[in-house]
$ cat my_file-v2.tsv   # TSV, C-alpha atoms
chain	number	residue	atom	x	y	z
A	36	MET	CA	0.00	0.00	0.00
A	37	TYR	CA	1.46	3.28	-1.06
A	38	ARG	CA	1.93	5.89	1.63
A	39	THR	CA	2.36	9.62	1.05
A	40	ASP	CA	5.78	9.55	2.75
A	41	MET	CA	7.10	6.81	0.44
A	42	TYR	CA	9.26	7.26	-2.65
A	43	GLU	CA	7.64	6.04	-5.87
A	44	GLY	CA	9.27	5.87	-9.25
A	45	MET	CA	8.24	4.17	-12.46
A	46	LEU	CA	9.78	3.22	-15.77
A	47	ALA	CA	7.25	3.18	-18.59
A	48	GLU	CA	8.21	2.83	-22.24
A	49	THR	CA	7.64	0.91	-25.43
A	50	THR	CA	9.86	-2.09	-25.91
A	51	THR	CA	10.05	-5.13	-28.16
A	52	LEU	CA	9.69	-8.84	-27.56
A	53	ALA	CA	9.68	-12.09	-29.54
A	54	GLY	CA	6.06	-12.96	-30.20
A	55	ALA	CA	4.36	-15.74	-32.12
A	56	GLY	CA	6.70	-17.49	-34.52
A	57	GLY	CA	9.63	-15.64	-33.01
A	58	GLU	CA	8.58	-12.45	-34.77
A	59	THR	CA	9.56	-9.21	-33.08
A	60	ILE	CA	6.59	-7.13	-32.02
A	61	ASN	CA	6.41	-4.04	-29.89
A	62	ALA	CA	4.88	-3.80	-26.44
A	63	TYR	CA	4.28	-1.24	-23.70
A	64	PHE	CA	6.11	-1.95	-20.47
A	65	ALA	CA	5.84	-0.32	-17.07
A	66	ARG	CA	7.48	-1.30	-13.80
A	67	PRO	CA	8.28	0.24	-10.44
A	68	LEU	CA	11.85	1.51	-10.14
A	69	GLY	CA	14.12	-0.38	-7.76
A	70	PRO	CA	15.50	-3.89	-7.44
A	71	GLY	CA	12.18	-5.52	-6.63
A	72	PRO	CA	11.58	-8.34	-6.97
A	73	PHE	CA	8.18	-7.58	-8.43
A	74	PRO	CA	5.35	-9.86	-9.49
A	75	GLY	CA	4.48	-9.54	-13.16
A	76	ILE	CA	1.40	-9.22	-15.32
A	77	VAL	CA	0.71	-9.52	-19.03
A	78	LEU	CA	-2.08	-7.29	-20.31
A	79	ILE	CA	-4.04	-8.41	-23.38
A	80	HIS	CA	-5.61	-5.39	-25.06
A	81	HIS	CA	-9.18	-5.10	-26.30
A	82	LEU	CA	-11.00	-4.46	-29.57
A	83	PRO	CA	-10.26	-0.70	-29.63
A	84	GLY	CA	-6.64	-1.71	-29.87
A	85	TRP	CA	-3.29	-1.09	-28.27
A	86	ASP	CA	-4.50	2.26	-27.12
A	87	GLU	CA	-4.23	4.93	-24.45
A	88	TRP	CA	-6.53	3.09	-22.04
A	89	TYR	CA	-4.18	0.11	-22.10
A	90	ARG	CA	-1.16	2.33	-21.57
A	91	GLU	CA	-2.91	3.80	-18.56
A	92	ALA	CA	-3.84	0.33	-17.30
A	93	THR	CA	-0.24	-0.86	-17.72
A	94	ARG	CA	1.01	2.08	-15.66
A	95	LYS	CA	-1.76	1.46	-13.10
A	96	PHE	CA	-0.44	-2.04	-12.49
A	97	ALA	CA	3.10	-0.64	-12.16
A	98	HIS	CA	1.83	1.91	-9.63
A	99	HIS	CA	0.47	-1.05	-7.66
A	100	GLY	CA	3.85	-2.81	-7.70
A	101	TYR	CA	3.75	-5.01	-10.79
A	102	ALA	CA	6.06	-5.31	-13.78
A	103	ALA	CA	3.39	-4.95	-16.45
A	104	LEU	CA	3.76	-5.76	-20.15
A	105	CYS	CA	1.17	-5.16	-22.85
A	106	PRO	CA	2.10	-6.60	-26.27
A	107	ASN	CA	0.78	-4.97	-29.44
A	108	LEU	CA	-1.35	-7.77	-30.86
A	109	TYR	CA	-2.04	-5.72	-33.99
A	110	PHE	CA	1.66	-5.10	-34.81
A	111	ARG	CA	1.53	-7.15	-38.00
A	112	GLU	CA	-1.58	-5.38	-39.32
A	113	GLY	CA	0.30	-2.13	-39.63
A	114	HIS	CA	0.95	1.10	-37.80
A	115	GLY	CA	-0.79	4.40	-37.34
A	116	ALA	CA	-3.21	5.88	-34.89
A	117	PRO	CA	-4.44	3.05	-32.61
A	118	GLU	CA	-8.02	3.58	-33.83
A	119	ASP	CA	-7.03	3.30	-37.49
A	120	VAL	CA	-5.11	0.09	-36.82
A	121	ALA	CA	-7.96	-1.38	-34.78
A	122	ALA	CA	-10.53	-0.42	-37.41
A	123	ALA	CA	-8.49	-2.27	-40.03
A	124	VAL	CA	-8.33	-5.34	-37.76
A	125	ARG	CA	-12.08	-5.12	-37.16
A	126	GLY	CA	-12.60	-5.02	-40.92
A	127	VAL	CA	-10.88	-8.35	-41.43
A	128	GLY	CA	-12.56	-10.16	-38.55
A	129	GLY	CA	-9.95	-9.82	-35.86
A	130	VAL	CA	-6.64	-11.60	-35.33
A	131	PRO	CA	-6.07	-15.36	-35.08
A	132	ASP	CA	-6.34	-16.90	-31.61
A	133	ASP	CA	-3.18	-18.96	-32.11
A	134	ARG	CA	-1.17	-15.90	-33.00
A	135	VAL	CA	-2.46	-14.04	-29.94
A	136	LEU	CA	-1.43	-16.99	-27.76
A	137	GLY	CA	2.04	-16.94	-29.31
A	138	ASP	CA	2.39	-13.23	-28.59
A	139	VAL	CA	1.13	-13.68	-25.02
A	140	ALA	CA	3.53	-16.58	-24.46
A	141	GLY	CA	6.30	-14.35	-25.77
A	142	ALA	CA	5.33	-11.62	-23.31
A	143	LEU	CA	5.37	-14.15	-20.46
A	144	ALA	CA	8.82	-15.37	-21.51
A	145	HIS	CA	10.05	-11.79	-21.76
A	146	LEU	CA	8.93	-11.04	-18.20
A	147	ARG	CA	10.49	-14.27	-16.95
A	148	SER	CA	13.82	-13.21	-18.44
A	149	LEU	CA	13.97	-10.04	-16.34
A	150	PRO	CA	16.21	-10.13	-13.24
A	151	TYR	CA	13.80	-8.23	-10.95
A	152	LEU	CA	10.69	-10.46	-11.25
A	153	THR	CA	9.48	-12.79	-8.50
A	154	GLY	CA	8.52	-15.33	-11.15
A	155	ARG	CA	4.82	-15.15	-10.38
A	156	ILE	CA	3.03	-13.63	-13.36
A	157	ALA	CA	-0.66	-13.07	-14.05
A	158	VAL	CA	-2.57	-12.40	-17.25
A	159	PHE	CA	-5.28	-9.74	-17.54
A	160	GLY	CA	-7.61	-8.69	-20.31
A	161	THR	CA	-10.86	-6.86	-21.01
A	162	CYS	CA	-13.38	-7.47	-23.81
A	163	SER	CA	-11.68	-9.61	-26.47
A	164	GLY	CA	-8.64	-9.41	-24.18
A	165	GLY	CA	-10.65	-11.05	-21.41
A	166	ARG	CA	-11.52	-13.88	-23.75
A	167	HIS	CA	-7.86	-14.19	-24.71
A	168	ALA	CA	-6.80	-14.05	-21.03
A	169	PHE	CA	-8.95	-17.08	-20.26
A	170	LEU	CA	-7.70	-18.83	-23.40
A	171	ALA	CA	-4.09	-18.08	-22.45
A	172	ALA	CA	-4.62	-19.35	-18.90
A	173	CYS	CA	-5.72	-22.64	-20.44
A	174	ARG	CA	-3.22	-22.98	-23.23
A	175	VAL	CA	-0.04	-21.15	-22.15
A	176	GLN	CA	1.90	-22.76	-19.32
A	177	GLY	CA	3.16	-20.63	-16.48
A	178	PHE	CA	0.58	-18.06	-15.45
A	179	ALA	CA	-0.11	-17.88	-11.71
A	180	ALA	CA	-3.48	-16.13	-12.07
A	181	ALA	CA	-5.85	-14.94	-14.78
A	182	ILE	CA	-8.34	-12.07	-14.94
A	183	ASP	CA	-11.14	-12.08	-17.52
A	184	CYS	CA	-13.08	-8.81	-17.62
A	185	TRP	CA	-16.32	-9.23	-19.62
A	186	GLY	CA	-14.73	-11.45	-22.26
A	187	GLY	CA	-17.41	-12.33	-24.80
A	188	ARG	CA	-17.30	-15.41	-27.07
A	189	VAL	CA	-15.73	-17.66	-24.42
A	190	VAL	CA	-18.89	-19.69	-24.89
A	191	MET	CA	-19.50	-19.89	-28.66
A	192	ALA	CA	-22.07	-21.68	-30.80
A	193	SER	CA	-20.62	-23.80	-33.59
A	194	GLU	CA	-21.87	-21.36	-36.23
A	195	GLU	CA	-19.88	-18.58	-34.56
A	196	LEU	CA	-16.55	-20.33	-35.04
A	197	THR	CA	-14.25	-18.88	-37.68
A	198	PRO	CA	-10.87	-19.84	-39.14
A	199	LYS	CA	-9.31	-17.25	-36.80
A	200	GLN	CA	-11.34	-18.44	-33.82
A	201	PRO	CA	-11.79	-22.14	-34.57
A	202	VAL	CA	-12.43	-23.37	-31.02
A	203	ALA	CA	-14.59	-21.89	-28.26
A	204	PRO	CA	-12.30	-21.10	-25.33
A	205	VAL	CA	-14.70	-22.82	-22.91
A	206	ALA	CA	-13.75	-26.09	-24.60
A	207	TYR	CA	-10.30	-25.76	-23.00
A	208	THR	CA	-11.60	-25.31	-19.43
A	209	ALA	CA	-10.15	-28.65	-18.28
A	210	GLU	CA	-6.69	-27.23	-19.03
A	211	LEU	CA	-7.11	-24.01	-17.01
A	212	GLY	CA	-3.85	-23.88	-15.10
A	213	CYS	CA	-4.39	-21.14	-12.54
A	214	PRO	CA	-7.06	-19.38	-10.46
A	215	LEU	CA	-9.44	-17.24	-12.51
A	216	LEU	CA	-11.19	-13.96	-11.64
A	217	GLY	CA	-14.12	-13.00	-13.84
A	218	LEU	CA	-15.85	-9.61	-13.77
A	219	PHE	CA	-19.07	-9.18	-15.75
A	220	GLY	CA	-21.99	-6.80	-16.20
A	221	ALA	CA	-25.54	-8.11	-15.84
A	222	ASP	CA	-26.68	-5.95	-18.77
A	223	ASP	CA	-23.97	-7.21	-21.14
A	224	ARG	CA	-25.01	-9.14	-24.24
A	225	SER	CA	-21.56	-10.54	-25.02
A	226	PRO	CA	-21.10	-12.24	-22.70
A	227	SER	CA	-24.70	-12.49	-21.60
A	228	PRO	CA	-25.44	-13.64	-18.03
A	229	GLU	CA	-26.53	-16.98	-19.53
A	230	GLN	CA	-23.17	-17.41	-21.27
A	231	VAL	CA	-21.33	-16.47	-18.07
A	232	ALA	CA	-23.39	-19.09	-16.22
A	233	ARG	CA	-22.39	-21.70	-18.79
A	234	HIS	CA	-18.75	-20.70	-18.41
A	235	GLU	CA	-19.07	-21.00	-14.64
A	236	GLU	CA	-20.70	-24.41	-14.96
A	237	ALA	CA	-17.72	-25.65	-16.95
A	238	LEU	CA	-15.34	-24.34	-14.26
A	239	LYS	CA	-17.30	-26.15	-11.55
A	240	GLN	CA	-17.48	-29.31	-13.60
A	241	HIS	CA	-13.68	-29.36	-13.87
A	242	GLY	CA	-13.07	-28.38	-10.24
A	243	LYS	CA	-11.29	-25.14	-11.10
A	244	THR	CA	-10.43	-22.35	-8.67
A	245	TYR	CA	-12.33	-19.25	-9.69
A	246	GLU	CA	-14.40	-16.32	-8.52
A	247	PHE	CA	-16.98	-14.63	-10.72
A	248	HIS	CA	-18.67	-11.32	-9.99
A	249	MET	CA	-21.71	-10.06	-11.87
A	250	TYR	CA	-22.46	-6.36	-11.46
A	251	PRO	CA	-26.12	-5.31	-11.67
A	252	GLY	CA	-26.74	-2.17	-13.69
A	253	ALA	CA	-23.48	-2.56	-15.57
A	254	GLY	CA	-22.98	-3.67	-19.14
A	255	HIS	CA	-19.98	-4.20	-21.34
A	256	GLY	CA	-16.83	-2.28	-20.58
A	257	PHE	CA	-17.81	-0.69	-17.28
A	258	PHE	CA	-14.17	0.13	-16.44
A	259	TYR	CA	-13.85	2.45	-19.45
A	260	HIS	CA	-14.09	5.93	-18.03
A	261	ASP	CA	-14.19	7.44	-21.53
A	262	ARG	CA	-17.17	5.40	-22.77
A	263	PRO	CA	-20.88	5.66	-21.95
A	264	ASN	CA	-20.90	2.23	-20.26
A	265	TYR	CA	-18.62	3.45	-17.46
A	266	ARG	CA	-20.12	2.62	-14.09
A	267	GLN	CA	-18.28	4.32	-11.26
A	268	GLU	CA	-19.25	2.04	-8.37
A	269	ALA	CA	-18.74	-1.15	-10.36
A	270	ALA	CA	-15.40	0.07	-11.72
A	271	VAL	CA	-14.06	1.05	-8.30
A	272	ASP	CA	-15.20	-2.24	-6.78
A	273	GLY	CA	-13.92	-4.20	-9.77
A	274	TRP	CA	-10.43	-2.74	-9.57
A	275	ARG	CA	-10.35	-3.47	-5.83
A	276	LYS	CA	-11.23	-7.09	-6.58
A	277	VAL	CA	-8.52	-7.25	-9.25
A	278	PHE	CA	-5.79	-6.13	-6.88
A	279	ALA	CA	-7.06	-8.26	-3.98
A	280	PHE	CA	-7.11	-11.31	-6.25
A	281	LEU	CA	-3.60	-10.62	-7.49
A	282	ALA	CA	-2.31	-10.07	-3.95
A	283	ARG	CA	-3.69	-13.46	-2.90
A	284	HIS	CA	-2.36	-15.44	-5.85
A	285	LEU	CA	0.90	-13.71	-6.72
A	286	ALA	CA	2.27	-13.37	-3.18
A	287	GLY	CA	5.47	-15.17	-2.28
B	191	MET	CA	-14.06	-8.34	-31.74
B	192	CYS	CA	-17.23	-8.50	-29.68
B	193	THR	CA	-19.92	-9.11	-32.30
B	194	MET	CA	-17.79	-10.29	-35.25
B	195	ILE	CA	-20.37	-8.61	-37.50
B	196	SER	CA	-18.20	-7.11	-40.20
B	197	GLN	CA	-18.11	-7.24	-43.97
B	198	GLN	CA	-15.83	-5.63	-46.50
B	199	VAL	CA	-16.71	-4.71	-50.05
B	200	ALA	CA	-14.51	-3.40	-52.83
B	201	ILE	CA	-15.62	0.03	-54.03
B	202	SER	CA	-14.30	2.78	-56.23
B	203	GLY	CA	-14.38	6.44	-55.37
B	204	SER	CA	-12.76	9.21	-53.37
B	205	GLY	CA	-12.79	9.98	-49.70
B	206	LYS	CA	-11.63	12.98	-47.75
B	207	GLY	CA	-9.68	12.06	-44.65
B	208	ALA	CA	-7.46	13.91	-42.24
B	209	GLY	CA	-4.80	14.26	-44.93
B	210	GLY	CA	-7.10	15.32	-47.74
B	211	TRP	CA	-8.69	13.47	-50.64
B	212	PHE	CA	-7.58	9.95	-51.48
B	213	THR	CA	-8.74	7.10	-53.70
B	214	VAL	CA	-11.08	4.77	-51.83
B	215	ARG	CA	-10.88	1.09	-52.74
B	216	GLN	CA	-12.81	-0.69	-50.00
B	217	VAL	CA	-15.29	-0.05	-47.23
B	218	SER	CA	-15.67	-2.10	-44.07
B	219	VAL	CA	-19.13	-2.14	-42.59
B	220	SER	CA	-19.41	-3.46	-39.07
B	221	TYR	CA	-21.89	-3.51	-36.23
B	222	ASP	CA	-19.68	-3.50	-33.19
B	223	HIS	CA	-18.16	-1.27	-30.52
B	224	PRO	CA	-17.57	2.22	-31.92
B	225	PHE	CA	-14.58	4.38	-31.06
B	226	ASP	CA	-16.30	7.72	-30.65
B	227	VAL	CA	-20.09	7.85	-30.83
B	228	PRO	CA	-21.45	7.35	-27.29
B	229	LEU	CA	-23.14	4.02	-27.97
B	230	GLU	CA	-22.26	0.51	-26.91
B	231	TYR	CA	-22.67	-0.70	-30.49
B	232	ALA	CA	-22.90	1.23	-33.74
B	233	LEU	CA	-22.98	0.78	-37.48
B	234	ASN	CA	-19.39	1.63	-38.36
B	235	LEU	CA	-18.24	2.61	-41.83
B	236	ASP	CA	-14.51	2.58	-42.57
B	237	PHE	CA	-13.68	3.79	-46.08
B	238	GLY	CA	-10.08	3.05	-46.95
B	239	ASN	CA	-7.40	2.00	-49.39
B	240	GLU	CA	-5.05	-0.71	-48.18
B	241	ALA	CA	-2.39	0.34	-50.64
B	242	LEU	CA	-2.18	3.77	-49.02
B	243	GLY	CA	-1.83	2.51	-45.46
B	244	LEU	CA	-4.03	2.63	-42.41
B	245	ASP	CA	-3.97	6.42	-42.14
B	246	ALA	CA	-6.05	6.62	-45.32
B	247	ARG	CA	-9.40	6.22	-43.63
B	248	VAL	CA	-12.70	8.00	-43.46
B	249	ALA	CA	-14.68	6.74	-40.50
B	250	VAL	CA	-18.35	7.26	-39.72
B	251	GLU	CA	-20.24	5.76	-36.77
B	252	LEU	CA	-24.06	5.70	-36.77
B	253	ASP	CA	-26.82	4.40	-34.61
B	254	ALA	CA	-28.96	1.73	-36.28
B	255	THR	CA	-31.85	4.12	-37.03
B	256	SER	CA	-29.51	6.55	-38.74
B	257	ALA	CA	-27.85	3.74	-40.68
B	258	ARG	CA	-31.22	2.54	-41.97
B	259	ALA	CA	-32.16	6.10	-42.90
B	260	LEU	CA	-28.88	6.43	-44.78
B	261	VAL	CA	-29.48	3.20	-46.69
B	262	ALA	CA	-33.01	4.30	-47.65
B	263	THR	CA	-31.82	7.76	-48.69
B	264	ILE	CA	-28.99	6.35	-50.81
B	265	GLN	CA	-31.50	4.06	-52.54
B	266	ALA	CA	-33.95	6.92	-53.09
B	267	VAL	CA	-31.33	9.24	-54.56
B	268	LEU	CA	-29.99	6.49	-56.85
B	269	ALA	CA	-33.56	5.79	-58.02
B	270	ARG	CA	-34.01	9.45	-58.93
B	271	ALA	CA	-30.65	9.48	-60.70
B	272	GLU	CA	-31.68	6.35	-62.61
B	273	ALA	CA	-35.03	7.89	-63.52
B	274	GLY	CA	-33.25	10.97	-64.80
B	275	GLY	CA	-30.99	8.93	-67.00
B	276	TYR	CA	-27.86	9.76	-65.02
B	277	VAL	CA	-27.26	6.22	-63.82
B	278	ALA	CA	-27.68	2.96	-65.70
B	279	PRO	CA	-30.07	0.46	-64.09
B	280	ALA	CA	-28.33	-1.93	-61.72

$ encode --input "my_file-v2.tsv" --output "structure tokens"
Amino acid sequence: MYRTDMYEGMLAETTTLAGAGGETINAYFARPLGPGPFPGIVLIHHLPGWDEWYREATRKFAHHGYAALCPNLYFREGHGAPEDVAAAVRGVGGVPDDRVLGDVAGALAHLRSLPYLTGRIAVFGTCSGGRHAFLAACRVQGFAAAIDCWGGRVVMASEELTPKQPVAPVAYTAELGCPLLGLFGADDRSPSPEQVARHEEALKQHGKTYEFHMYPGAGHGFFYHDRPNYRQEAAVDGWRKVFAFLARHLAG
Amino acid sequence: MCTMISQQVAISGSGKGAGGWFTVRQVSVSYDHPFDVPLEYALNLDFGNEALGLDARVAVELDATSARALVATIQAVLARAEAGGYVAPA
């Protein structure tokens, strides 16, 4: 817990890492200054892209004592204003799940290579990033905790599958390798409360460690202070739950 | 992508973006989270030209009612142009 008589410093900058297929991609990195050791976290950005909100979120985790790394999942689609890049990605139906997992695994390996990490690293995502966070927690070895904020299309009907998203993430639930925190809005349509319930049922069926929270009066994206779905009480409570969950599972 | 409702179509024309006029070669039409209009979902139009890079983009975000009104108005204007002999029948 930060006190007003404590020193706080932060390094925050873009960097590069080896992503899927060993390809170099860029990423945004933020960590507290000092020898640490610090727990780590990989942030998986959302539909609107590798944008200012995710830079702010990366620095927020650093402020709370984490070495935080957010890879640019849209690196290969080109460069420009984050909105223009994300719009182009939206136009071609998103990015392949396997490639995202390769980039996330690369981010995890990059954090592990740093000399000031404790070795306990979580994965966090919102929206499509939440879906990818759950998918990564199932399919990438080594995460100590996972946070899925309103990730839609974890539960998917067969007709929703695409070449880029060929398997519903819920199908991998048996392989979930760490505790999972899920934050959802009761008014959300993707994921709907019914889809969240089906996700939860799969977690129970496989005896997984998880905690889900459904916020009444909140919809999709209730953390986003710059969007109309921002819900102040839910966002404040949600962030508290995020940091409490991380403290429990990344300690030591 | 939260809805995955997106289609692209090749088109031919000109668009005026932040950098001025450019040749438009495709438009992406999606119904998904917008970037700017204060709606959870919107009908998003992205006019672009891949050959010119991602900066070559004219973006419009509409609510569904406005999008339907736009479609109907485009059809009505094309019908009048066709009736006046300015446009060949489709």

$ interface_residues --input "my_file-v2.tsv" --of "chain B" --to "chain A" --cutoff "12 Å" --atoms "only C-alpha atoms" --output "PyMOL selection string"
chain B and resi 191-199+207-208+216-231+234-251

$ atom_distance --input "my_file-v2.tsv" --atom1 "CA of Gly273 (chain A)" --atom2 "CA of Tyr151 (chain A)"
28.0 Å

$ atom_distance --input "my_file-v2.tsv" --atom1 "CA of Pro74 (chain A)" --atom2 "CA of Ala62 (chain A)"
18.0 Å

$ atom_distance --input "my_file-v2.tsv" --atom1 "CA of Glu229 (chain A)" --atom2 "CA of Ile182 (chain A)"
19.4 Å

$ residues_around --input "my_file-v2.tsv" --residues "Phe73 (chain A)" --least-positions-apart "4" --cutoff "9 Å" --atoms "all atoms listed in the file" --output "list in words"
Arg66, Pro67, Gly100, Tyr101, Ala102, Tyr151, Leu152, Thr153, Gly154 and Arg155 of chain A

$ residues_around --input "my_file-v2.tsv" --residues "Gly57 (chain A)" --least-positions-apart "4" --cutoff "9 Å" --atoms "all atoms listed in the file" --output "list in words"
Leu52, Ala53, Gly137, Asp138 and Gly141 of chain A
